[in-house]
Amino acid sequence: RQRVLFARRVHSPRGCRTTLVVRHLSKDTTTTTTTSQSSNLPYSLITSSKSQTVKKIQALLTKRKKRLETMSTVVEGPRMVFDLLENPKTASLVRQIVVALPDYEARPDYRSRLNAALQTRRDDILVQLITPEVFKKTCSDTVTPQGIVAIVDIPPSTTSEEYGDCHSPSLYLVLDGVSDPGNVGTLLRSSLAVGVAGIVLLEGCCDVFNPKAVRSAMSASFQVPLFHAGSWQEGLEILQRRGVRTIYAATMIDDDNGDGSNTSGAPDRTKSKQQSVPYFDIDWTQESSALVIGSEGNGLSPELRQTLLQGQTEVNHDVVTIKATHIPMNEGIESLNAAVCGSVILFEYSRQSLKNPTRSS
């Protein structure tokens, strides 16, 4: 029987169980035992919804203001958490991980992957365990909680000056008032998949780091360069500085009417001097260009619609042309979902880029 050299109680942060640190005479090592139904837990155990960690997670899940104040958000699920943690480009963004106790005990892969991450980031990442009851009630906004969440830093907004001028052919995505988090997340994910150079978010778009948008985007929210523009004019200036001289708005224009207020679908009743071009007839790799996706209900904003009707505009002494493009559809279908429309066109850009790699490199 080992003799105890000394024992002392260490009080964990509020909401966590008290731990007993015991040093044994026979071994010159220190082990931590949690006074709960499970012993030898390496991390503190949260048992109360009044825990400061839990309160922070709840605020980030529900309040955009809190996300902006702390420049952080919450991601849920093993795939997203570990993808961010193990990707060199995003690993430094992960600040805190909370794992439901049953998941931690039943998943040796969780333990090994957490241990591997902590080998290099032991001083600046906090891992905590939590009882399943508290986790389900407070740390997840999904119907079926996945047992692990992380508090992650939001990357700073990209500036065009930071990236400088871009002369190689690239594609940019412009979201004009796309407010549904699922659509925004899907478009971010498609953008990352095809290598979009950046996304310009115009006024009226949903919060990219809304938990639902983050889930839809997977890790794309933290990897695609994001440009926030307060107006269409500001968006034009961002694109112009990035070498974009041609912009395509996903909308429909007929000979007799239409400025395309519906996403890729039925036209409006406004006269226009141009026709919409099928998306597959455009050479997306010839020059740097941008694709605009309008809002789900109202399509393009009035300011963007007016520029489309004019056909071109001057930005910082450069002429920028804006045209309409659409996805041909069978009769009876008025429009496509914004995320579907954008993704179809984005993958046409990808197809052309793979076919002509020298032009898009």
# chains A, B, ... in the order shown; residues from 1 in each chain; ligands from 1
$ select_by_dssp --residues "region 48-124 of chain A" --states "alpha helix (DSSP H)" --output "ChimeraX atom specification"
/A:52-62,64-70,78-86,101-106,108-121
$ residues_around --residues "Lys323 (chain A)" --least-positions-apart "4" --cutoff "7 Å" --atoms "only C-alpha atoms" --output "list in words"
Ile247, Tyr248, Ala249, Leu308 and Gly311 of chain A
$ closest_residue --among "A:Thr73, A:Gln128, A:Ser112, A:Ser219" --to "Tyr43 (chain A)" --atoms "only C-alpha atoms"
A:Gln128
$ closest_residue --among "A:Gln96, A:Thr186, A:Asn330, A:Ser72" --to "Pro156 (chain A)" --atoms "only C-alpha atoms"
A:Ser72
$ closest_residue --among "A:Met329, A:Val75, A:Val320, A:Leu336" --to "Ser288 (chain A)" --atoms "only C-alpha atoms"
A:Val320
$ closest_residue --among "A:Leu45, A:Ala217, A:Ala324, A:Val149" --to "Val277 (chain A)" --atoms "only C-alpha atoms"
A:Ala324
$ residues_around --residues "His317 (chain A)" --least-positions-apart "6" --cutoff "12 Å" --atoms "only C-alpha atoms" --output "ChimeraX atom specification"
/A:237,240-241,245
$ write_last_selection --atoms "all heavy atoms" --output "PDB file, in the first residue's frame"
ATOM      1  N   GLU A 237     -15.595  49.103 -55.185  1.00  0.00           N
ATOM      2  CA  GLU A 237     -14.222  49.553 -54.985  1.00  0.00           C
ATOM      3  C   GLU A 237     -13.310  48.415 -54.531  1.00  0.00           C
ATOM      4  O   GLU A 237     -12.155  48.316 -54.961  1.00  0.00           O
ATOM      5  CB  GLU A 237     -14.202  50.700 -53.972  1.00  0.00           C
ATOM      6  CG  GLU A 237     -14.866  51.967 -54.501  1.00  0.00           C
ATOM      7  CD  GLU A 237     -14.983  53.050 -53.451  1.00  0.00           C
ATOM      8  OE1 GLU A 237     -14.546  52.809 -52.294  1.00  0.00           O
ATOM      9  OE2 GLU A 237     -15.511  54.134 -53.765  1.00  0.00           O
ATOM     10  N   GLN A 240     -12.725  46.345 -57.682  1.00  0.00           N
ATOM     11  CA  GLN A 240     -11.860  47.060 -58.628  1.00  0.00           C
ATOM     12  C   GLN A 240     -10.401  46.999 -58.194  1.00  0.00           C
ATOM     13  O   GLN A 240      -9.500  46.803 -59.024  1.00  0.00           O
ATOM     14  CB  GLN A 240     -12.332  48.517 -58.747  1.00  0.00           C
ATOM     15  CG  GLN A 240     -11.554  49.368 -59.741  1.00  0.00           C
ATOM     16  CD  GLN A 240     -10.389  50.106 -59.078  1.00  0.00           C
ATOM     17  OE1 GLN A 240     -10.367  50.318 -57.867  1.00  0.00           O
ATOM     18  NE2 GLN A 240      -9.401  50.477 -59.880  1.00  0.00           N
ATOM     19  N   ARG A 241     -10.162  47.152 -56.899  1.00  0.00           N
ATOM     20  CA  ARG A 241      -8.781  47.085 -56.405  1.00  0.00           C
ATOM     21  C   ARG A 241      -8.205  45.678 -56.514  1.00  0.00           C
ATOM     22  O   ARG A 241      -6.986  45.503 -56.498  1.00  0.00           O
ATOM     23  CB  ARG A 241      -8.718  47.570 -54.949  1.00  0.00           C
ATOM     24  CG  ARG A 241      -8.838  49.080 -54.815  1.00  0.00           C
ATOM     25  CD  ARG A 241      -8.425  49.530 -53.427  1.00  0.00           C
ATOM     26  NE  ARG A 241      -9.366  49.098 -52.417  1.00  0.00           N
ATOM     27  CZ  ARG A 241     -10.371  49.836 -51.965  1.00  0.00           C
ATOM     28  NH1 ARG A 241     -10.607  51.035 -52.482  1.00  0.00           N
ATOM     29  NH2 ARG A 241     -11.177  49.383 -51.020  1.00  0.00           N
ATOM     30  N   ARG A 245     -12.908  43.608 -63.464  1.00  0.00           N
ATOM     31  CA  ARG A 245     -13.470  44.586 -64.390  1.00  0.00           C
ATOM     32  C   ARG A 245     -14.802  44.104 -64.973  1.00  0.00           C
ATOM     33  O   ARG A 245     -15.476  44.863 -65.656  1.00  0.00           O
ATOM     34  CB  ARG A 245     -12.484  44.870 -65.529  1.00  0.00           C
ATOM     35  CG  ARG A 245     -11.147  45.437 -65.076  1.00  0.00           C
ATOM     36  CD  ARG A 245     -11.300  46.806 -64.442  1.00  0.00           C
ATOM     37  NE  ARG A 245     -10.017  47.341 -63.994  1.00  0.00           N
ATOM     38  CZ  ARG A 245      -9.514  47.176 -62.781  1.00  0.00           C
ATOM     39  NH1 ARG A 245     -10.210  46.498 -61.872  1.00  0.00           N
ATOM     40  NH2 ARG A 245      -8.351  47.691 -62.437  1.00  0.00           N
TER      41      ARG A 245
END
$ atom_distance --atom1 "CA of Ile57 (chain A)" --atom2 "CA of Asp141 (chain A)"
10.5 Å
$ closest_residue --among "A:Val94, A:Val315, A:Leu309, A:Ile282" --to "Ile327 (chain A)" --atoms "only C-alpha atoms"
A:Ile282
$ select_by_dssp --residues "region 169-296 of chain A" --states "strand (DSSP E)" --output "JSON, numbers by chain"
{"A": [171, 172, 173, 174, 175, 176, 198, 199, 200, 201, 226, 227, 228, 246, 247, 248, 249, 250, 277, 278, 289, 290, 291, 292, 293, 294]}
$ write_last_selection --atoms "C-alpha atoms" --output "tab-separated table (two decimals), in the first residue's frame"
chain	number	residue	atom	x	y	z
A	171	LEU	CA	-13.26	34.70	-59.15
A	172	TYR	CA	-14.93	36.60	-56.33
A	173	LEU	CA	-18.37	35.94	-54.88
A	174	VAL	CA	-20.61	38.84	-53.88
A	175	LEU	CA	-23.53	38.17	-51.55
A	176	ASP	CA	-26.15	40.88	-51.90
A	198	GLY	CA	-12.68	36.07	-51.70
A	199	ILE	CA	-16.27	36.82	-50.72
A	200	VAL	CA	-17.72	40.33	-50.56
A	201	LEU	CA	-20.57	40.63	-48.06
A	226	LEU	CA	-14.10	37.84	-46.32
A	227	PHE	CA	-14.59	41.47	-47.35
A	228	HIS	CA	-17.31	43.41	-45.53
A	246	THR	CA	-16.42	42.31	-65.21
A	247	ILE	CA	-19.22	41.37	-62.83
A	248	TYR	CA	-21.98	38.85	-63.49
A	249	ALA	CA	-25.23	39.03	-61.53
A	250	ALA	CA	-27.11	35.76	-61.26
A	277	VAL	CA	-26.21	34.95	-70.72
A	278	PRO	CA	-26.35	31.26	-69.75
A	289	SER	CA	-14.48	38.49	-62.43
A	290	ALA	CA	-17.17	38.43	-59.77
A	291	LEU	CA	-20.45	36.58	-59.37
A	292	VAL	CA	-23.31	38.29	-57.52
A	293	ILE	CA	-26.02	36.31	-55.74
A	294	GLY	CA	-29.07	38.30	-54.60
$ closest_residue --among "A:Ser350, A:Thr131, A:Gln286, A:Gln310" --to "Ile46 (chain A)" --atoms "only C-alpha atoms"
A:Thr131
